[in-house]
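Pasted below: data.cif, mmCIF, C-alpha atoms.
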data_target
loop_
_atom_site.label_atom_id
_atom_site.label_comp_id
_atom_site.auth_asym_id
_atom_site.auth_seq_id
_atom_site.Cartn_x
_atom_site.Cartn_y
_atom_site.Cartn_z
CA MET A 1198 14.53 2.17 -18.03
CA SER A 1199 10.81 2.53 -17.31
CA LEU A 1200 8.34 -0.22 -18.04
CA ARG A 1201 5.58 0.00 -20.64
CA VAL A 1202 2.06 0.30 -19.17
CA GLN A 1203 -0.99 -0.53 -21.24
CA THR A 1204 -4.49 -1.97 -20.95
CA ILE A 1205 -4.54 -5.79 -20.89
CA THR A 1206 -7.30 -8.36 -21.32
CA ARG A 1207 -9.09 -10.01 -18.40
CA ASP A 1208 -7.50 -13.33 -19.36
CA GLU A 1209 -3.99 -11.84 -19.27
CA HIS A 1210 -4.77 -10.24 -15.91
CA LEU A 1211 -6.16 -13.48 -14.46
CA ALA A 1212 -3.18 -15.50 -15.70
CA PHE A 1213 -0.84 -13.04 -13.95
CA VAL A 1214 -2.83 -13.25 -10.69
CA ALA A 1215 -2.83 -17.08 -10.88
CA GLY A 1216 0.96 -17.06 -10.83
CA ARG A 1217 1.20 -15.21 -7.53
CA PRO A 1218 0.50 -16.52 -3.99
CA SER A 1219 -1.37 -13.45 -2.75
CA VAL A 1220 -3.28 -10.74 -4.60
CA SER A 1221 -6.09 -8.67 -3.07
CA HIS A 1222 -9.63 -9.65 -4.09
CA MET A 1223 -9.95 -5.98 -5.13
CA GLN A 1224 -7.21 -6.46 -7.73
CA ILE A 1225 -8.86 -9.16 -9.82
CA PRO A 1226 -10.85 -8.43 -13.01
CA ALA A 1227 -14.20 -9.54 -11.54
CA TRP A 1228 -14.02 -6.87 -8.84
CA GLY A 1229 -14.73 -4.30 -11.53
CA ASP A 1230 -18.07 -6.06 -12.19
CA VAL A 1231 -18.96 -5.62 -8.50
CA LYS A 1232 -18.58 -1.82 -8.87
CA PRO A 1233 -20.92 -0.72 -11.70
CA ASP A 1234 -20.63 2.98 -10.80
CA TRP A 1235 -16.97 2.79 -11.85
CA ARG A 1236 -15.46 1.88 -15.20
CA ALA A 1237 -12.89 -0.87 -14.70
CA GLU A 1238 -9.73 -1.57 -16.68
CA SER A 1239 -6.92 -4.08 -16.26
CA LEU A 1240 -3.45 -2.54 -16.50
CA GLY A 1241 -0.28 -4.42 -17.36
CA TRP A 1242 3.40 -3.55 -16.88
CA PHE A 1243 5.69 -4.96 -19.61
CA ASP A 1244 9.48 -5.18 -19.49
CA GLU A 1245 11.98 -4.78 -22.36
CA ARG A 1246 11.42 -8.41 -23.48
CA GLY A 1247 7.66 -7.88 -23.66
CA ASP A 1248 6.95 -10.00 -20.56
CA LEU A 1249 4.06 -9.06 -18.27
CA VAL A 1250 5.74 -8.26 -14.92
CA GLY A 1251 3.00 -6.34 -13.08
CA ALA A 1252 -0.78 -5.90 -13.16
CA GLY A 1253 -3.52 -3.86 -11.55
CA LEU A 1254 -7.24 -3.25 -11.60
CA VAL A 1255 -8.00 0.45 -11.95
CA LEU A 1256 -11.50 1.79 -11.28
CA LEU A 1257 -12.36 5.03 -13.09
CA ARG A 1258 -15.04 7.30 -11.59
CA PRO A 1259 -16.23 10.16 -13.82
CA LEU A 1260 -16.64 13.70 -12.52
CA PRO A 1261 -20.21 14.91 -13.11
CA LYS A 1262 -20.56 16.63 -16.51
CA LEU A 1263 -16.84 16.19 -17.31
CA LYS A 1264 -14.96 13.45 -19.13
CA ARG A 1265 -12.35 13.42 -16.39
CA TYR A 1266 -11.86 10.58 -13.95
CA LEU A 1267 -10.70 9.71 -10.47
CA ALA A 1268 -8.54 6.60 -10.96
CA TYR A 1269 -8.50 4.18 -8.02
CA LEU A 1270 -6.41 1.04 -7.55
CA PRO A 1271 -7.73 -0.47 -4.27
CA GLU A 1272 -5.05 -2.53 -2.46
CA GLY A 1273 -2.89 -2.36 -5.58
CA PRO A 1274 -1.36 -2.36 -8.08
CA VAL A 1275 0.56 -5.67 -8.00
CA VAL A 1276 4.09 -4.46 -8.78
CA ASP A 1277 7.57 -4.70 -7.26
CA TRP A 1278 7.01 -2.28 -4.39
CA PHE A 1279 10.53 -2.72 -2.99
CA ALA A 1280 12.31 -1.93 -6.27
CA ALA A 1281 14.94 0.78 -5.88
CA ASP A 1282 13.53 2.44 -9.02
CA LEU A 1283 9.87 2.04 -7.94
CA VAL A 1284 8.86 5.61 -8.86
CA GLU A 1285 10.72 5.98 -12.17
CA ARG A 1286 10.28 2.45 -13.54
CA TRP A 1287 6.86 1.45 -12.21
CA LEU A 1288 4.75 4.43 -11.11
CA THR A 1289 5.71 7.19 -13.57
CA PRO A 1290 4.52 5.23 -16.65
CA MET A 1291 1.32 4.29 -14.78
CA LEU A 1292 0.58 7.98 -14.11
CA ALA A 1293 1.30 8.88 -17.74
CA HIS A 1294 -1.05 6.15 -18.97
CA LEU A 1295 -3.87 7.19 -16.60
CA LYS A 1296 -3.45 10.88 -17.45
CA ALA A 1297 -3.82 10.00 -21.14
CA ARG A 1298 -7.02 8.12 -20.22
CA GLY A 1299 -8.45 11.33 -18.70
CA ALA A 1300 -7.61 10.83 -15.02
CA PHE A 1301 -7.24 14.02 -12.96
CA SER A 1302 -6.23 12.18 -9.77
CA VAL A 1303 -4.88 8.73 -8.89
CA LYS A 1304 -5.47 6.88 -5.61
CA MET A 1305 -3.75 3.61 -4.78
CA GLY A 1306 -3.26 1.31 -1.79
CA PRO A 1307 0.20 -0.29 -1.73
CA PRO A 1308 -0.17 -3.89 -0.40
CA VAL A 1309 2.85 -3.31 1.86
CA VAL A 1310 2.84 -4.16 5.59
CA VAL A 1311 4.73 -1.71 7.82
CA ARG A 1312 4.35 -3.27 11.29
CA ARG A 1313 2.85 -6.32 12.98
CA TRP A 1314 1.69 -6.95 16.56
CA SER A 1315 1.21 -10.47 17.95
CA ALA A 1316 -2.07 -11.35 19.68
CA ASP A 1317 -0.27 -11.08 23.05
CA ALA A 1318 1.09 -7.63 22.15
CA VAL A 1319 -2.41 -6.42 21.17
CA LYS A 1320 -3.90 -7.81 24.41
CA ALA A 1321 -1.19 -6.07 26.43
CA ALA A 1322 -1.88 -2.81 24.57
CA ILE A 1323 -5.64 -3.06 25.28
CA ALA A 1324 -4.85 -3.59 28.98
CA ASP A 1325 -2.35 -0.68 29.09
CA PRO A 1326 -4.13 2.55 30.20
CA GLY A 1327 -1.34 4.57 28.56
CA ALA A 1328 -1.94 3.10 25.09
CA ARG A 1329 -4.74 4.97 23.35
CA ARG A 1330 -4.02 3.59 19.88
CA LEU A 1331 -2.40 0.46 18.52
CA ALA A 1332 0.37 2.62 17.04
CA ASP A 1333 1.36 3.55 20.63
CA ALA A 1334 2.24 -0.09 21.38
CA GLU A 1335 5.63 -1.66 20.64
CA PRO A 1336 5.31 -3.74 17.44
CA THR A 1337 6.40 -7.38 17.38
CA ALA A 1338 7.92 -6.97 13.90
CA THR A 1339 8.66 -4.06 11.55
CA GLU A 1340 9.43 -3.87 7.83
CA PRO A 1341 12.08 -1.13 7.33
CA ARG A 1342 11.72 -1.35 3.54
CA ALA A 1343 8.10 -0.17 3.90
CA LEU A 1344 9.31 3.15 5.33
CA ASP A 1345 11.63 3.49 2.31
CA VAL A 1346 8.61 3.02 0.01
CA ALA A 1347 6.75 5.78 1.89
CA GLU A 1348 9.75 8.14 1.56
CA ARG A 1349 10.01 7.45 -2.17
CA LEU A 1350 6.31 8.16 -2.66
CA ARG A 1351 6.47 11.43 -0.71
CA GLY A 1352 9.58 12.51 -2.62
CA ALA A 1353 7.77 11.92 -5.92
CA GLY A 1354 4.76 14.06 -4.96
CA TRP A 1355 2.39 11.36 -3.71
CA ARG A 1356 0.53 12.28 -0.53
CA GLN A 1357 -0.77 9.93 2.12
CA ALA A 1358 -4.56 10.02 2.32
CA GLU A 1359 -6.08 11.00 5.65
CA PRO A 1360 -7.52 7.94 7.41
CA GLY A 1361 -11.06 9.36 7.40
CA GLY A 1362 -13.95 7.38 8.83
CA GLU A 1363 -13.82 6.62 12.51
CA ASP A 1364 -11.40 4.71 14.70
CA GLY A 1365 -9.00 3.68 11.96
CA PHE A 1366 -11.70 2.48 9.56
CA ALA A 1367 -10.78 4.48 6.49
CA ALA A 1368 -13.20 5.82 3.93
CA GLY A 1369 -11.25 3.63 1.48
CA GLN A 1370 -9.72 0.33 2.59
CA PRO A 1371 -8.69 -0.56 6.17
CA ARG A 1372 -5.14 0.34 7.14
CA TYR A 1373 -5.17 -2.01 10.14
CA VAL A 1374 -6.21 -5.64 9.69
CA PHE A 1375 -6.02 -8.88 11.66
CA GLN A 1376 -4.50 -11.97 10.04
CA VAL A 1377 -3.86 -15.56 11.11
CA PRO A 1378 -0.70 -16.98 9.44
CA TYR A 1379 -1.25 -20.53 8.14
CA ALA A 1380 1.90 -21.29 6.14
CA GLY A 1381 3.65 -24.38 7.50
CA ARG A 1382 1.08 -24.88 10.29
CA SER A 1383 -1.23 -27.84 10.84
CA LEU A 1384 -4.90 -27.29 11.70
CA GLU A 1385 -4.11 -28.59 15.19
CA GLU A 1386 -1.43 -25.91 15.60
CA ILE A 1387 -3.87 -23.21 14.45
CA GLN A 1388 -6.49 -24.52 16.88
CA GLY A 1389 -3.84 -24.47 19.63
CA GLY A 1390 -3.30 -20.78 18.88
CA LEU A 1391 -6.91 -19.93 19.71
CA ASN A 1392 -7.32 -18.47 23.20
CA GLN A 1393 -9.06 -20.43 25.93
CA GLN A 1394 -12.35 -18.52 25.53
CA TRP A 1395 -12.49 -19.33 21.82
CA ARG A 1396 -11.84 -23.04 22.37
CA ARG A 1397 -14.45 -23.13 25.15
CA ASN A 1398 -17.03 -21.34 22.96
CA ILE A 1399 -16.46 -23.71 20.01
CA LYS A 1400 -17.11 -26.68 22.32
CA LYS A 1401 -20.16 -24.94 23.80
CA ALA A 1402 -21.62 -24.38 20.31
CA GLU A 1403 -21.02 -28.00 19.37
CA LYS A 1404 -22.67 -29.23 22.57
CA ALA A 1405 -25.67 -26.91 22.01
CA GLY A 1406 -26.18 -28.36 18.53
CA VAL A 1407 -25.08 -25.39 16.38
CA LYS A 1408 -24.61 -26.56 12.78
CA VAL A 1409 -22.57 -24.52 10.30
CA VAL A 1410 -23.37 -25.14 6.64
CA ARG A 1411 -22.37 -23.62 3.32
CA GLY A 1412 -25.09 -21.62 1.62
CA ASP A 1413 -25.81 -20.79 -2.00
CA GLN A 1414 -27.04 -17.71 -3.84
CA GLU A 1415 -30.60 -18.26 -2.58
CA ASP A 1416 -29.35 -17.95 1.02
CA LEU A 1417 -28.02 -14.41 0.48
CA ALA A 1418 -31.45 -13.05 1.50
CA ALA A 1419 -31.17 -14.80 4.90
CA PHE A 1420 -27.63 -13.47 5.30
CA TYR A 1421 -28.88 -9.99 4.41
CA GLY A 1422 -31.57 -9.97 7.10
CA LEU A 1423 -28.90 -10.63 9.74
CA TYR A 1424 -26.55 -8.11 8.11
CA VAL A 1425 -29.13 -5.28 8.38
CA GLU A 1426 -29.68 -6.17 12.05
CA THR A 1427 -25.91 -6.08 12.59
CA ALA A 1428 -25.65 -2.68 10.88
CA GLU A 1429 -28.25 -1.20 13.22
CA ARG A 1430 -26.53 -2.68 16.26
CA ASP A 1431 -22.97 -1.71 15.26
CA ARG A 1432 -23.87 1.68 13.76
CA PHE A 1433 -22.81 1.40 10.13
CA ILE A 1434 -24.72 1.95 6.87
CA PRO A 1435 -25.52 -1.41 5.21
CA ARG A 1436 -24.89 -2.09 1.55
CA PRO A 1437 -27.96 -3.10 -0.50
CA LEU A 1438 -28.79 -6.78 -1.10
CA ALA A 1439 -28.12 -6.22 -4.82
CA TYR A 1440 -24.46 -5.57 -3.98
CA PHE A 1441 -24.01 -9.03 -2.46
CA ARG A 1442 -25.90 -10.70 -5.31
CA ARG A 1443 -23.63 -8.91 -7.78
CA MET A 1444 -20.55 -10.00 -5.79
CA TRP A 1445 -21.70 -13.63 -5.84
CA THR A 1446 -22.44 -13.64 -9.57
CA ALA A 1447 -19.31 -11.76 -10.65
CA LEU A 1448 -16.75 -13.44 -8.42
CA ASN A 1449 -18.00 -17.00 -8.87
CA ALA A 1450 -18.29 -16.54 -12.64
CA GLU A 1451 -14.56 -15.78 -12.63
CA HIS A 1452 -13.70 -18.73 -10.35
CA PRO A 1453 -16.30 -21.23 -9.06
CA ASP A 1454 -15.00 -21.06 -5.47
CA ARG A 1455 -14.07 -17.37 -5.25
CA MET A 1456 -16.90 -16.48 -2.85
CA ARG A 1457 -18.55 -18.70 -0.23
CA LEU A 1458 -21.42 -18.14 2.18
CA TYR A 1459 -21.60 -19.80 5.61
CA LEU A 1460 -24.67 -20.03 7.86
CA ALA A 1461 -24.83 -21.05 11.54
CA HIS A 1462 -28.12 -22.85 12.34
CA HIS A 1463 -29.59 -23.63 15.75
CA ASP A 1464 -33.04 -25.11 16.40
CA GLY A 1465 -34.30 -24.17 12.95
CA GLU A 1466 -33.07 -20.57 13.06
CA ILE A 1467 -30.09 -18.94 11.34
CA LEU A 1468 -28.16 -17.07 14.07
CA ALA A 1469 -25.05 -15.98 12.14
CA ALA A 1470 -23.81 -15.81 8.56
CA ALA A 1471 -20.63 -14.71 6.79
CA THR A 1472 -19.02 -14.46 3.37
CA MET A 1473 -15.54 -15.78 2.59
CA LEU A 1474 -13.37 -14.82 -0.40
CA THR A 1475 -10.36 -16.67 -1.83
CA VAL A 1476 -7.65 -15.56 -4.25
CA GLY A 1477 -4.68 -17.91 -4.49
CA GLU A 1478 -3.35 -18.66 -0.99
CA HIS A 1479 -5.08 -15.68 0.64
CA VAL A 1480 -8.51 -16.21 2.25
CA TRP A 1481 -10.62 -13.38 3.67
CA TYR A 1482 -13.48 -13.35 6.13
CA SER A 1483 -15.29 -10.64 4.22
CA TYR A 1484 -18.73 -9.71 5.64
CA GLY A 1485 -20.17 -11.06 8.90
CA ALA A 1486 -23.67 -10.83 10.34
CA SER A 1487 -25.43 -12.14 13.42
CA THR A 1488 -28.55 -11.74 15.53
CA SER A 1489 -28.55 -10.73 19.20
CA ARG A 1490 -30.75 -13.73 19.99
CA ARG A 1491 -29.34 -16.91 21.57
CA ARG A 1492 -25.80 -15.61 21.77
CA GLU A 1493 -25.15 -18.06 24.59
CA VAL A 1494 -24.83 -20.92 22.05
CA GLN A 1495 -21.81 -19.10 20.49
CA PRO A 1496 -22.71 -19.32 16.77
CA ASN A 1497 -20.03 -16.80 15.71
CA ASN A 1498 -17.14 -18.82 17.12
CA ALA A 1499 -18.53 -22.00 15.56
CA MET A 1500 -18.93 -20.33 12.17
CA GLN A 1501 -15.46 -18.77 12.21
CA TRP A 1502 -13.83 -22.06 13.16
CA ARG A 1503 -15.60 -23.83 10.27
CA MET A 1504 -14.37 -21.08 7.89
CA MET A 1505 -10.84 -21.22 9.31
CA SER A 1506 -10.82 -25.01 8.92
CA ASP A 1507 -12.08 -24.81 5.34
CA ALA A 1508 -9.47 -22.14 4.52
CA HIS A 1509 -6.76 -24.49 5.79
CA ALA A 1510 -8.17 -27.32 3.63
CA LEU A 1511 -7.98 -24.95 0.62
CA GLY A 1512 -4.23 -24.54 1.23
CA ALA A 1513 -4.40 -20.97 2.54
CA ALA A 1514 -1.17 -19.29 3.65
CA VAL A 1515 -3.12 -16.63 5.54
CA TYR A 1516 -6.64 -16.28 6.94
CA ASP A 1517 -7.47 -12.59 6.89
CA LEU A 1518 -10.15 -11.19 9.23
CA ARG A 1519 -9.90 -7.78 7.54
CA GLY A 1520 -10.31 -4.43 9.29
CA ILE A 1521 -9.81 -3.66 12.97
CA THR A 1522 -9.99 -0.42 14.93
CA ASP A 1523 -6.66 1.09 15.99
CA THR A 1524 -8.39 2.81 18.92
CA LEU A 1525 -7.90 1.02 22.25
CA GLU A 1526 -10.05 3.19 24.50
CA ASP A 1527 -12.56 1.32 26.68
CA GLY A 1528 -15.65 3.19 25.52
CA ASN A 1529 -15.06 2.39 21.85
CA HIS A 1530 -17.89 0.27 20.41
CA LEU A 1531 -15.46 -1.48 18.00
CA LEU A 1532 -13.19 -2.79 20.77
CA GLY A 1533 -15.34 -5.91 21.22
CA LEU A 1534 -14.76 -6.84 17.56
CA LEU A 1535 -11.00 -6.37 18.03
CA ARG A 1536 -11.03 -8.63 21.11
CA PHE A 1537 -12.99 -11.26 19.15
CA LYS A 1538 -10.42 -11.27 16.33
CA VAL A 1539 -7.46 -11.27 18.75
CA GLY A 1540 -8.86 -14.51 20.20
CA THR A 1541 -7.84 -16.31 16.98
CA GLY A 1542 -4.20 -16.00 18.05
CA GLY A 1543 -3.17 -14.21 14.85
CA GLN A 1544 -1.51 -10.82 14.46
CA ALA A 1545 -2.51 -7.24 13.77
CA ALA A 1546 -0.92 -5.71 10.68
CA GLU A 1547 -0.57 -2.08 9.64
CA TYR A 1548 -0.42 -1.36 5.91
CA LEU A 1549 1.06 1.75 4.26
CA GLY A 1550 -2.43 3.14 3.75
CA GLU A 1551 -3.79 4.86 0.66
CA TRP A 1552 -1.90 7.47 -1.40
CA ASP A 1553 -3.07 10.18 -3.81
CA PHE A 1554 -1.37 11.83 -6.78
CA PRO A 1555 -3.06 14.93 -8.20
CA LEU A 1556 -2.60 15.07 -11.99
CA ASN A 1557 -4.75 18.22 -12.17
CA ARG A 1558 -4.47 20.29 -8.99
CA VAL A 1559 -7.52 22.47 -9.68
CA LEU A 1560 -9.82 19.48 -10.12
CA GLN A 1561 -8.15 17.71 -7.18
CA ARG A 1562 -8.90 20.70 -4.91
CA ALA A 1563 -12.51 20.70 -6.12
CA LEU A 1564 -12.77 16.99 -5.28
CA ASP A 1565 -11.22 17.50 -1.82
CA LEU A 1566 -13.73 20.29 -1.13
CA TYR A 1567 -16.63 18.11 -2.30
CA MET A 1568 -15.51 15.15 -0.14
CA ALA A 1569 -15.05 17.40 2.90
CA ARG A 1570 -18.61 18.74 2.53
CA ARG A 1571 -19.97 15.18 2.25
#
If you convert what's in this file into structure tokens, what do you get?
Amino acid sequence: MSLRVQTITRDEHLAFVAGRPSVSHMQIPAWGDVKPDWRAESLGWFDERGDLVGAGLVLLRPLPKLKRYLAYLPEGPVVDWFAADLVERWLTPMLAHLKARGAFSVKMGPPVVVRRWSADAVKAAIADPGARRLADAEPTATEPRALDVAERLRGAGWRQAEPGGEDGFAAGQPRYVFQVPYAGRSLEEIQGGLNQQWRRNIKKAEKAGVKVVRGDQEDLAAFYGLYVETAERDRFIPRPLAYFRRMWTALNAEHPDRMRLYLAHHDGEILAAATMLTVGEHVWYSYGASTSRRREVQPNNAMQWRMMSDAHALGAAVYDLRGITDTLEDGNHLLGLLRFKVGTGGQAAEYLGEWDFPLNRVLQRALDLYMARR
């Protein structure tokens, strides 16, 4: 028997999230406030007893001049992805609800990990001239149930979105991420997992007098200056300062410690800065920025270690360094970032990626054509 899907209040949504150890920061009510170009709604899945058993944040983007929407559930929804009746019980009523709301297409990102590679496995893959992509390397662990989910989605007419972007960085959310597992580990054990270079750089920063402090909303402007410099250096288009101010206001209004800002100071200058997000037991290193000046004092390692330590103090089960490239070729400008993250001793994880369901094929084709031209 299928579940009932309906719009729920922010409070109901938040209460559901609070009862779970890990929910993406893009699946909380406040994330809708960060995205003003979209209309946000909280969805709830109710069982036969009337209990709320699933939830999701859906972002609705209108087509120009039409009251029809692209419905997007980034890194969600939060449902029982491994249920044998996933399609019939969970997804079919969601599609019916969104179609009634005027959606012509639905995009979602199942929070389901397919494969993991240990830090050693990633290092070996980078060193292997025959491995051009992370997917070419033997995984350390696989989740066979994830492949069943993919088969069920394909069989029901969902189609896997093309990665887009460059080097595994999707136009939507990253399919490959790097995570440091914390559950059951002391801070000393986590520090022991750092590679020798990382431990050396943390000591070097300490000796040089690098101080890492928490910032407030006023410090977002300083962070932004470094972020624009980073964007020019690493060849990506920066978001506007207003975006980060909106993030700070919206997320911390929902929970006073949802978003943090860290700044690495040295001799009166801010050399690096980063934002950190927390939902339940999941902590993300979200946006990072640094200057090219005085890199020899290793501000980035010092800042990350402070954030990793604070995440452990918060009771995190995982410290998530977000997206990585899946391209292992030497000339790739993102390989340095991958090596930096691998130094934490964590593991690379591959998610199922994003999936689309066209509710109106004519409008879906028009959207595909428009996106291809962009």
Target residues per the PyMOL selection byres ((chain A and resi 1265) around 10), formatted as a VMD selection string:
chain A and resid 1257 to 1264 1266 to 1268 1296 1298 to 1302 1557 1560
I need the residue nearest Glu1403 (chain A) from this list: A:Arg1519, A:His1509, A:His1463, A:Arg1430. Use all atoms listed in the file for the distance.
A:His1463
Can you tell me, as a VMD selection string, which residues sit within 12 Å of (-14.2, -10.1, 18.9) in the file's frame, using only C-alpha atoms?
chain A and resid 1320 1375 1392 1394 to 1395 1485 1495 1497 to 1498 1501 1518 1520 to 1522 1530 to 1542
Could you please determine the separation between CA of Arg1286 (chain A) and CA of Gly1550 (chain A) in Å, to one decimal place?
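Separation between CA of Arg1286 (chain A) and CA of Gly1550 (chain A): 21.5 Å.
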Please check which residues have atoms at most 12 Å from (2.3, -0.1, -16.2) in the file's coordinates, counting all atoms listed in the file, and write them as JSON, numbers by chain.
{"A": [1199, 1200, 1201, 1202, 1203, 1204, 1205, 1239, 1240, 1241, 1242, 1243, 1244, 1248, 1249, 1250, 1251, 1252, 1253, 1254, 1255, 1274, 1275, 1276, 1277, 1283, 1284, 1285, 1286, 1287, 1288, 1289, 1290, 1291, 1292, 1293, 1294, 1295]}
Please determine, counting only C-alpha atoms, which residue among A:Arg1411, A:Tyr1269, A:Phe1213, A:Tyr1440 has the shortest atom-to-atom distance to Asp1507 (chain A).
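Result for the nearest residue to Asp1507 (chain A): A:Arg1411.
Restricting the calculation to all atoms listed in the file, the smallest distance between Gly1422 (chain A) and any of A:Ala1486, A:Met1473, A:Val1480, A:Leu1448 is found for A:Ala1486.
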